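Next comes upload.txt, a file with compact mmCIF, C-alpha atoms and all ligand atoms.
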```
# COMPACT_ATOMS: atom_id res chain seq x y z
CA MET P 1 105.75 81.75 -189.26
CA GLU P 2 102.21 82.69 -190.08
CA ILE P 3 98.81 81.96 -188.77
CA ALA P 4 96.57 81.14 -191.69
CA ALA P 5 93.46 79.69 -190.18
CA ILE P 6 92.32 78.93 -186.71
CA SER P 7 89.27 76.94 -185.76
CA THR P 8 88.21 76.38 -182.20
CA VAL P 9 85.19 75.45 -180.17
CA SER P 10 83.94 76.15 -176.71
CA VAL P 11 82.94 72.88 -175.13
CA ALA P 12 80.77 74.22 -172.32
CA PRO P 13 78.00 71.61 -172.53
CA GLN P 14 75.04 74.00 -172.66
CA SER P 15 76.57 76.54 -174.98
CA ARG P 16 78.60 74.64 -177.54
CA ARG P 17 79.56 77.04 -180.27
CA VAL P 18 82.19 76.79 -182.92
CA LEU P 19 84.18 79.81 -183.94
CA ASN P 20 86.04 79.83 -187.19
CA VAL P 21 88.69 82.46 -187.50
CA PHE P 22 90.41 83.26 -190.74
CA SER P 23 93.40 85.48 -190.28
CA ARG P 24 95.01 87.16 -193.24
CA ASN P 25 98.03 89.29 -194.03
CA LEU P 26 100.04 87.93 -191.20
CA GLY P 27 103.63 88.95 -190.89
CA SER P 28 106.28 86.31 -190.39
CA ALA P 29 107.27 85.78 -186.81
CA SER P 30 108.79 83.17 -184.54
CA SER P 31 109.16 79.50 -185.32
CA LEU P 32 105.83 78.56 -183.80
CA SER P 33 102.57 80.45 -184.10
CA PHE P 34 99.16 79.44 -182.95
CA GLY P 35 95.84 80.74 -181.85
CA PHE P 36 92.70 79.65 -180.10
CA PHE P 37 89.52 80.77 -178.52
CA GLN P 38 88.77 79.88 -174.96
CA LYS P 39 85.27 79.87 -173.50
CA GLU P 40 85.43 83.64 -173.12
CA TYR P 41 86.35 83.89 -176.81
CA CYS P 42 89.54 85.72 -176.10
CA PHE P 43 92.18 85.49 -178.80
CA LYS P 44 95.69 84.60 -177.79
CA SER P 45 98.71 84.47 -180.03
CA ALA P 46 102.28 83.33 -179.56
CA SER P 47 103.63 85.91 -181.87
CA LEU P 48 103.49 89.60 -181.08
CA ARG P 49 104.23 90.25 -184.72
CA VAL P 50 101.04 88.66 -185.88
CA SER P 51 98.57 91.29 -187.01
CA ALA P 52 95.44 89.28 -187.45
CA ALA P 53 92.60 90.70 -189.49
CA ALA P 54 90.09 88.19 -188.24
CA SER P 55 86.57 87.52 -189.32
CA MET P 56 84.57 85.31 -187.01
CA ASP P 57 81.55 83.32 -187.67
CA ALA P 58 79.70 81.16 -185.22
CA VAL P 59 78.03 77.93 -186.21
CA THR P 60 76.06 75.43 -184.18
CA ALA P 61 77.68 72.47 -182.44
CA GLU P 62 75.69 70.02 -184.55
CA LYS P 63 77.77 70.98 -187.57
CA PHE P 64 81.01 70.49 -185.68
CA SER P 65 82.77 67.15 -185.62
CA PRO P 66 85.90 66.91 -183.43
CA ALA P 67 87.17 63.98 -185.48
CA SER P 68 86.91 65.85 -188.76
CA PHE P 69 88.45 68.96 -187.22
CA LEU P 70 91.48 66.88 -186.24
CA ASP P 71 91.41 65.05 -189.55
CA LYS P 72 92.30 68.17 -191.52
CA LYS P 73 95.71 67.55 -192.99
CA GLU P 74 97.22 70.90 -193.95
CA THR P 75 101.00 70.70 -194.12
CA GLY P 76 102.70 72.52 -191.26
CA VAL P 77 99.53 72.82 -189.17
CA LEU P 78 99.01 70.96 -185.91
CA HIS P 79 95.40 70.57 -184.85
CA PHE P 80 94.96 69.71 -181.19
CA VAL P 81 92.45 69.39 -178.38
CA LYS P 82 93.25 70.64 -174.92
CA TYR P 83 92.11 68.49 -172.01
CA HIS P 84 92.63 68.63 -168.30
CA GLY P 85 92.40 66.19 -165.41
CA LEU P 86 91.79 68.21 -162.23
CA GLY P 87 93.62 71.17 -163.74
CA ASN P 88 96.63 69.12 -164.88
CA ASP P 89 96.34 70.25 -168.50
CA PHE P 90 97.52 68.72 -171.74
CA ILE P 91 97.60 69.36 -175.46
CA LEU P 92 96.34 66.14 -177.09
CA VAL P 93 97.57 65.32 -180.59
CA ASP P 94 96.01 62.73 -182.89
CA ASN P 95 99.14 60.84 -183.90
CA ARG P 96 97.41 57.55 -184.79
CA ASP P 97 98.90 57.52 -188.28
CA SER P 98 102.54 57.51 -187.18
CA SER P 99 104.86 56.18 -184.50
CA GLU P 100 106.87 59.40 -184.60
CA PRO P 101 105.49 62.36 -182.61
CA LYS P 102 104.18 65.11 -184.91
CA ILE P 103 106.19 67.77 -183.09
CA THR P 104 109.63 67.89 -181.50
CA GLN P 105 110.38 68.23 -177.81
CA GLU P 106 111.45 71.84 -178.41
CA GLN P 107 108.16 72.66 -180.16
CA ALA P 108 106.24 70.98 -177.33
CA ALA P 109 108.02 73.17 -174.78
CA LYS P 110 107.04 76.28 -176.79
CA LEU P 111 103.41 75.21 -177.05
CA CYS P 112 103.28 74.57 -173.29
CA ASP P 113 104.57 78.04 -172.41
CA ARG P 114 101.76 79.85 -170.55
CA ASN P 115 102.75 83.29 -171.76
CA PHE P 116 104.15 82.72 -175.23
CA GLY P 117 102.32 79.51 -176.09
CA VAL P 118 99.01 77.70 -175.65
CA GLY P 119 99.88 76.84 -172.06
CA ALA P 120 99.87 73.28 -170.71
CA ASP P 121 101.69 70.91 -168.39
CA GLY P 122 102.53 68.66 -171.33
CA VAL P 123 101.81 67.44 -174.85
CA ILE P 124 100.37 63.94 -175.31
CA PHE P 125 100.44 61.91 -178.52
CA ALA P 126 97.86 59.22 -179.30
CA MET P 127 99.84 56.71 -181.39
CA PRO P 128 99.38 53.26 -182.93
CA GLY P 129 99.49 50.36 -180.47
CA VAL P 130 102.43 47.97 -180.19
CA ASN P 131 102.55 44.29 -179.17
CA GLY P 132 98.79 43.93 -179.58
CA THR P 133 97.76 46.98 -177.55
CA ASP P 134 95.05 49.30 -178.88
CA TYR P 135 97.17 52.46 -178.71
CA SER P 136 100.49 53.86 -177.49
CA MET P 137 100.82 57.05 -175.48
CA ARG P 138 103.84 59.31 -175.42
CA ILE P 139 104.10 62.56 -173.51
CA PHE P 140 106.48 65.50 -173.40
CA ASN P 141 106.60 67.57 -170.20
CA SER P 142 106.32 71.36 -170.41
CA ASP P 143 110.13 71.60 -170.31
CA GLY P 144 110.33 69.26 -173.33
CA SER P 145 111.62 66.22 -171.43
CA GLU P 146 109.90 62.86 -171.96
CA PRO P 147 108.50 61.01 -168.93
CA GLU P 148 107.46 57.38 -168.96
CA MET P 149 103.89 57.87 -167.77
CA CYS P 150 101.22 60.35 -166.78
CA GLY P 151 98.19 59.38 -164.72
CA ASN P 152 95.97 62.40 -165.37
CA GLY P 153 97.16 62.34 -168.96
CA VAL P 154 96.01 58.77 -169.50
CA ARG P 155 92.47 59.66 -168.36
CA CYS P 156 92.50 62.55 -170.87
CA PHE P 157 93.88 60.14 -173.47
CA ALA P 158 90.95 57.75 -172.96
CA ARG P 159 88.39 60.54 -173.37
CA PHE P 160 90.27 61.83 -176.44
CA ILE P 161 90.17 58.39 -178.09
CA ALA P 162 86.45 58.06 -177.30
CA GLU P 163 85.89 61.42 -178.96
CA LEU P 164 88.00 60.54 -182.01
CA GLU P 165 86.34 57.17 -182.43
CA ASN P 166 82.90 58.58 -181.59
CA LEU P 167 82.37 56.05 -178.77
CA GLN P 168 79.63 56.57 -176.19
CA GLY P 169 79.28 55.05 -172.70
CA LYS P 170 81.54 52.51 -171.03
CA HIS P 171 84.76 51.65 -172.88
CA SER P 172 88.22 50.42 -172.00
CA PHE P 173 91.48 50.50 -173.94
CA THR P 174 94.87 48.85 -173.67
CA ILE P 175 97.61 51.47 -173.87
CA HIS P 176 101.31 50.92 -174.25
CA THR P 177 103.33 53.53 -172.31
CA GLY P 178 106.92 53.94 -171.16
CA ALA P 179 105.70 52.38 -167.90
CA GLY P 180 104.27 49.31 -169.67
CA LEU P 181 100.62 48.37 -170.17
CA ILE P 182 98.02 50.79 -168.75
CA VAL P 183 94.27 50.12 -168.98
CA PRO P 184 91.82 53.02 -168.62
CA GLU P 185 88.09 52.41 -168.56
CA ILE P 186 85.57 55.18 -169.19
CA GLN P 187 82.70 54.82 -166.71
CA ASP P 188 79.02 55.51 -167.34
CA ASP P 189 79.31 58.83 -165.48
CA GLY P 190 82.23 59.96 -167.70
CA GLN P 191 84.89 59.48 -165.02
CA VAL P 192 87.85 57.31 -166.00
CA LYS P 193 89.08 54.41 -163.86
CA VAL P 194 92.62 53.38 -164.69
CA ASP P 195 94.50 50.20 -163.89
CA MET P 196 97.86 51.84 -163.27
CA GLY P 197 99.78 48.56 -162.87
CA THR P 198 102.06 47.69 -159.97
CA PRO P 199 104.36 50.03 -158.04
CA ILE P 200 108.14 49.66 -158.36
CA LEU P 201 109.93 49.87 -155.02
CA LYS P 202 113.48 48.60 -155.59
CA ALA P 203 115.78 51.61 -155.03
CA GLN P 204 117.82 51.26 -158.21
CA ASP P 205 114.67 50.85 -160.33
CA VAL P 206 112.92 53.95 -158.97
CA PRO P 207 115.69 55.18 -159.50
CA THR P 208 117.26 56.59 -156.36
CA LYS P 209 120.73 56.40 -154.89
CA LEU P 210 119.23 56.34 -151.40
CA PRO P 211 120.01 52.93 -149.89
CA GLY P 212 117.11 50.49 -149.55
CA ASN P 213 116.15 50.15 -145.88
CA LYS P 214 113.09 47.89 -146.11
CA GLY P 215 114.29 45.00 -148.21
CA GLU P 216 115.34 46.80 -151.36
CA ALA P 217 112.75 49.57 -150.91
CA VAL P 218 113.41 53.07 -149.60
CA VAL P 219 110.86 53.69 -146.84
CA GLN P 220 111.05 56.56 -144.33
CA ALA P 221 114.64 57.21 -145.30
CA GLU P 222 116.51 60.38 -144.47
CA LEU P 223 117.04 62.88 -147.28
CA VAL P 224 118.97 66.03 -146.51
CA VAL P 225 117.68 68.98 -148.50
CA ASP P 226 119.25 72.37 -147.90
CA GLY P 227 120.67 71.22 -144.58
CA GLU P 228 117.33 69.89 -143.30
CA SER P 229 116.45 66.20 -142.86
CA TRP P 230 113.27 65.03 -144.52
CA ASN P 231 111.59 61.64 -144.10
CA VAL P 232 111.06 60.18 -147.59
CA THR P 233 109.70 57.07 -149.29
CA CYS P 234 110.53 56.43 -152.94
CA VAL P 235 108.07 54.80 -155.35
CA SER P 236 108.07 54.50 -159.13
CA MET P 237 104.83 54.27 -161.09
CA GLY P 238 106.99 53.92 -164.19
CA ASN P 239 108.10 57.47 -163.40
CA PRO P 240 109.96 58.35 -160.18
CA HIS P 241 108.30 59.79 -157.08
CA CYS P 242 109.71 60.91 -153.75
CA ILE P 243 107.00 61.14 -151.11
CA THR P 244 107.34 63.00 -147.83
CA PHE P 245 105.00 63.37 -144.87
CA GLY P 246 107.37 65.81 -143.17
CA LYS P 247 110.77 66.44 -141.69
CA LYS P 248 112.61 63.93 -139.47
CA GLY P 249 111.25 64.22 -135.95
CA GLY P 250 108.90 66.97 -137.10
CA LEU P 251 105.14 67.26 -136.87
CA ASN P 252 102.76 66.17 -139.60
CA LEU P 253 103.13 68.45 -142.64
CA LYS P 254 100.70 71.31 -143.25
CA VAL P 255 100.97 71.36 -147.02
CA ASP P 256 99.36 74.79 -147.43
CA ASP P 257 102.29 76.32 -145.52
CA LEU P 258 104.95 75.03 -147.94
CA ASN P 259 106.93 77.33 -150.21
CA LEU P 260 106.72 74.89 -153.13
CA PRO P 261 108.61 76.91 -155.80
CA GLU P 262 111.53 77.17 -153.38
CA ILE P 263 111.69 73.62 -151.99
CA GLY P 264 110.36 71.70 -155.03
CA PRO P 265 113.34 72.16 -157.37
CA LYS P 266 115.74 71.14 -154.59
CA PHE P 267 114.08 67.73 -154.44
CA GLU P 268 113.72 67.47 -158.23
CA HIS P 269 117.42 68.00 -158.85
CA HIS P 270 118.77 66.29 -155.71
CA GLU P 271 121.85 64.16 -156.37
CA MET P 272 120.05 61.13 -154.88
CA PHE P 273 117.72 61.10 -157.93
CA PRO P 274 119.73 60.35 -161.08
CA ALA P 275 116.65 60.72 -163.35
CA ARG P 276 115.36 63.72 -161.32
CA THR P 277 112.13 63.15 -159.40
CA ASN P 278 108.53 64.19 -158.88
CA THR P 279 107.91 65.08 -155.24
CA GLU P 280 104.66 64.76 -153.30
CA PHE P 281 104.27 66.62 -150.00
CA VAL P 282 101.49 64.93 -148.05
CA GLU P 283 99.26 65.76 -145.11
CA VAL P 284 97.34 62.91 -143.47
CA LEU P 285 93.74 63.95 -142.76
CA SER P 286 92.64 60.42 -141.79
CA ARG P 287 93.57 56.83 -142.67
CA SER P 288 91.48 57.12 -145.83
CA HIS P 289 91.88 60.80 -146.66
CA LEU P 290 95.16 62.41 -147.71
CA LYS P 291 95.97 65.88 -148.99
CA MET P 292 98.92 66.59 -151.27
CA ARG P 293 100.81 69.24 -153.17
CA VAL P 294 103.17 68.23 -155.92
CA TRP P 295 106.30 69.52 -157.58
CA GLU P 296 106.60 67.69 -160.90
CA ARG P 297 109.77 66.81 -162.70
CA GLY P 298 109.85 68.84 -165.89
CA ALA P 299 106.66 70.75 -165.14
CA GLY P 300 106.97 72.36 -161.68
CA ALA P 301 103.98 72.93 -159.40
CA THR P 302 100.88 71.47 -161.05
CA LEU P 303 97.28 71.27 -159.86
CA ALA P 304 97.29 67.47 -159.88
CA CYS P 305 99.46 64.44 -160.52
CA GLY P 306 97.82 61.05 -161.05
CA THR P 307 100.95 58.91 -160.80
CA GLY P 308 101.88 60.99 -157.74
CA ALA P 309 98.54 60.30 -156.04
CA CYS P 310 99.03 56.55 -156.65
CA ALA P 311 102.63 56.65 -155.40
CA LEU P 312 101.73 58.49 -152.22
CA VAL P 313 99.02 55.98 -151.27
CA VAL P 314 101.64 53.23 -151.65
CA ALA P 315 104.04 55.26 -149.49
CA ALA P 316 101.35 55.93 -146.88
CA VAL P 317 100.53 52.21 -146.66
CA LEU P 318 104.22 51.25 -146.44
CA GLU P 319 104.71 53.81 -143.67
CA GLY P 320 101.59 52.53 -141.83
CA ARG P 321 99.81 55.90 -142.11
CA ALA P 322 96.81 54.97 -144.27
CA ASP P 323 94.60 52.19 -145.61
CA ARG P 324 94.82 50.85 -149.13
CA LYS P 325 91.78 52.78 -150.37
CA CYS P 326 92.03 56.56 -150.01
CA MET P 327 90.61 59.80 -151.26
CA VAL P 328 93.50 62.06 -152.23
CA ASP P 329 92.85 65.80 -152.31
CA LEU P 330 95.00 67.60 -154.87
CA PRO P 331 94.93 71.36 -155.49
CA GLY P 332 92.69 70.73 -158.56
CA GLY P 333 90.30 68.30 -156.83
CA PRO P 334 90.04 64.75 -155.48
CA LEU P 335 91.15 61.40 -156.90
CA GLU P 336 90.07 58.00 -155.63
CA ILE P 337 93.01 55.62 -155.29
CA GLU P 338 93.07 51.95 -154.34
CA TRP P 339 96.13 49.72 -154.01
CA LYS P 340 94.55 46.27 -154.23
CA GLN P 341 96.04 43.52 -152.12
CA GLU P 342 94.78 40.76 -154.44
CA ASP P 343 96.72 41.75 -157.56
CA ASN P 344 99.12 44.44 -156.21
CA HIS P 345 97.70 46.82 -158.88
CA ILE P 346 96.79 50.43 -158.21
CA TYR P 347 93.45 51.77 -159.49
CA MET P 348 92.87 55.48 -159.96
CA THR P 349 89.47 57.05 -160.66
CA GLY P 350 88.90 60.66 -161.63
CA PRO P 351 87.65 63.09 -164.26
CA ALA P 352 89.01 64.31 -167.59
CA GLU P 353 87.51 67.14 -169.63
CA ALA P 354 88.05 68.68 -173.06
CA VAL P 355 88.28 72.46 -172.84
CA PHE P 356 89.01 73.67 -176.35
CA TYR P 357 90.19 72.94 -179.85
CA GLY P 358 93.00 74.79 -181.53
CA SER P 359 95.58 74.85 -184.28
CA ALA P 360 99.24 75.72 -184.36
CA LEU P 361 101.43 76.47 -187.35
CA LEU P 362 104.73 74.67 -187.07
N1 LIG U 401 101.15 64.90 -164.15
C1 LIG U 401 101.44 63.58 -164.45
C2 LIG U 401 102.88 63.16 -164.44
C3 LIG U 401 103.60 63.74 -165.66
C4 LIG U 401 105.02 63.27 -165.78
C5 LIG U 401 105.94 63.83 -164.73
N2 LIG U 401 106.07 65.26 -164.80
C6 LIG U 401 107.31 63.16 -164.86
O1 LIG U 401 108.25 63.75 -165.43
O2 LIG U 401 107.45 62.03 -164.40
C7 LIG U 401 100.51 62.60 -163.79
O3 LIG U 401 99.33 62.94 -163.67
O4 LIG U 401 100.90 61.48 -163.47
```
Here is the file; what I need is its structure written in the form of structure tokens.
Amino acid sequence: MEIAAISTVSVAPQSRRVLNVFSRNLGSASSLSFGFFQKEYCFKSASLRVSAAASMDAVTAEKFSPASFLDKKETGVLHFVKYHGLGNDFILVDNRDSSEPKITQEQAAKLCDRNFGVGADGVIFAMPGVNGTDYSMRIFNSDGSEPEMCGNGVRCFARFIAELENLQGKHSFTIHTGAGLIVPEIQDDGQVKVDMGTPILKAQDVPTKLPGNKGEAVVQAELVVDGESWNVTCVSMGNPHCITFGKKGGLNLKVDDLNLPEIGPKFEHHEMFPARTNTEFVEVLSRSHLKMRVWERGAGATLACGTGACALVVAAVLEGRADRKCMVDLPGGPLEIEWKQEDNHIYMTGPAEAVFYGSALL
């Protein structure tokens, strides 16, 4: 596969510059090649066999239009924008002209690879709406699997749509996802507040094989992992979450002390979770301030998980540890979460930022 042309932009607000790179005489290589410039203008390529003779030329931001960059329709080229929500990073694809994702799950996994690809926690497709919604969102995790929902991703999605449609200021969208209807609203300050819908608590719908112990919900149940008993509550936000505040009879967790790469996969692949699970390890700082680290299904340790932050506030309320409105500290920064009594919906507010534009040859 060859890299023919790469166009990217730094989106640092004060120093927006576009770099166009035209690479020639490229040898054929693996099945997926791509390139991009980050803020530091450092070239990265998936293919070691690419010998790029590149000429660069910088133009001003005024001449650059994200929508027209993404509108280019060369066959076999995928133009994308990379966004992140508190360091949970995604490759956003303008897929509004088709209900089929532009790349396969295998290609998504390659793009997400942090050494041999662009690097991301997932690929998100902005697609036509269904049943009267404005848009549909699909996402592939970095391992290529397809989850139902992504909280940080949906904030990025909203900002991506605003950029594509050239919308300024406050805007909200109805988005069809695997978890049903989700409604993000871009605020005046650029943050995105999302109506994440209602939590699912019934054990078999989470899904978990752990028996319901509070009605049909699994609250402070015992889960044996590697011979040790953990106290867990299971909540689905469309995607499954297992939340723990510590071991049975143990002290409050100190999340910084956890060996996440060791313990995380043991929860993810535990036999009690037939669809695997995301796991949130939570430390209670006060009734309105929680701190968490997450091991995500299909993505491993990430810097933030929006659905996870929502799920853990529900778990904390059900366990009597916190109030319905909390600040949740994630490794990448804070999210504001509220589980409203009036409508049983969860509202998440946080940032989403574009970090660069790039192209991949498929
Ligand atoms: N990081 C996301 C969740 C992405 C999906 C998850 N890995 C799963 O498989 O369920 C978020 O912000 O919610």
Which residues of segment 178-224 of chain P have any atom within 6 Å of an atom in segment 337-346 of chain P when counting only C-alpha atoms, and what is the closest pair of atoms for each, with the distance in Å to one decimal? Order the rows by chain and rising number and write it as a Markdown table.
```
| residue | atom | partner | partner_atom | distance |
| --- | --- | --- | --- | --- |
| P:Met196 | CA | P:Ile346 | CA | 5.4 |
| P:Gly197 | CA | P:His345 | CA | 4.8 |
| P:Thr198 | CA | P:His345 | CA | 4.6 |
```
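Here the question is which of P:Gly250, P:Gly308, P:Pro351, P:Pro334 gets nearest to Phe157 of chain P using all atoms listed in the file, and that residue is P:Pro351.
Once Ile263 of chain P and its same-chain neighbours fewer than 2 positions away are set aside, P:Val225, P:Asp226, P:Leu258, P:Asn259, P:Leu260, P:Pro261, P:Pro265, P:Lys266, P:Phe267, P:Glu268, P:Thr279, P:Trp295 remain within 10 Å of it when counting only C-alpha atoms.
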Expected selection as a ChimeraX atom specification for ligand LIG 401 (chain U) within 7 Å, all atoms listed in the file: /P:88,141,146-153,239-240,277-278,296-299,304-308
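Residues in contact range of Arg287 of chain P, defined as at most 9 Å between only C-alpha atoms, with sequence neighbours fewer than 2 positions away removed, read P:Val284, P:Leu285, P:His289, P:Leu290, P:Ala316, P:Arg321, P:Ala322, P:Asp323, P:Arg324, P:Lys325, P:Cys326.
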Selection near Ala311 of chain P, 8 Å with all atoms listed in the file, sequence-local residues under 3 positions removed, as a list in words: Pro199, Val235, Ser236, Met237, His241, Ile243, Thr307, Gly308, Val314 and Ala315 of chain P
Exercise: residues within 9 Å of coordinate (91.2, 70.4, -166.5), counting all atoms listed in the file, as a list in words: Lys82, Tyr83, His84, Gly85, Leu86, Gly87, Asn88, Asp89, Phe90, Gly332, Pro351, Ala352, Glu353, Ala354 and Val355 of chain P
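Candidate residues P:Asn95, P:Thr104, P:Thr208, P:Ser359 were compared for distance to Asp143 of chain P, and the nearest is P:Thr104, using all atoms listed in the file.
Ranking P:Ile103, P:Phe273, P:Asn166, P:Val194 by their shortest atom-to-atom distance to Pro211 of chain P, with all atoms listed in the file included, puts P:Phe273 first.
Closest to Leu111 of chain P among P:Phe245, P:Phe173, P:Phe160, P:Phe140 is P:Phe140, based on all atoms listed in the file.
Atom to atom, atom CA of Val81 of chain P and atom CA of Val294 of chain P stand 24.9 Å apart.
Put simply, atom CA of Asn231 of chain P is 21.1 Å away from atom CA of Gly300 of chain P.
Between atom CA of Lys247 of chain P and atom CA of Leu312 of chain P lies a distance of 16.0 Å.
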Val219 of chain P surroundings by only C-alpha atoms, 9 Å radius, close-in-sequence under 2 positions cut, as a PyMOL selection string: chain P and resi 212-214+217+221+231-234+315+318-319
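Nearest residue to Glu222 of chain P among P:Lys193, P:Pro101, P:Asp205, P:Lys248 is P:Lys248, counting only C-alpha atoms.
Among the candidate residues P:Val317, P:Ala309, P:Val130, P:Ile200, the one lying nearest to Thr174 of chain P is P:Val130, with distances computed using all atoms listed in the file.
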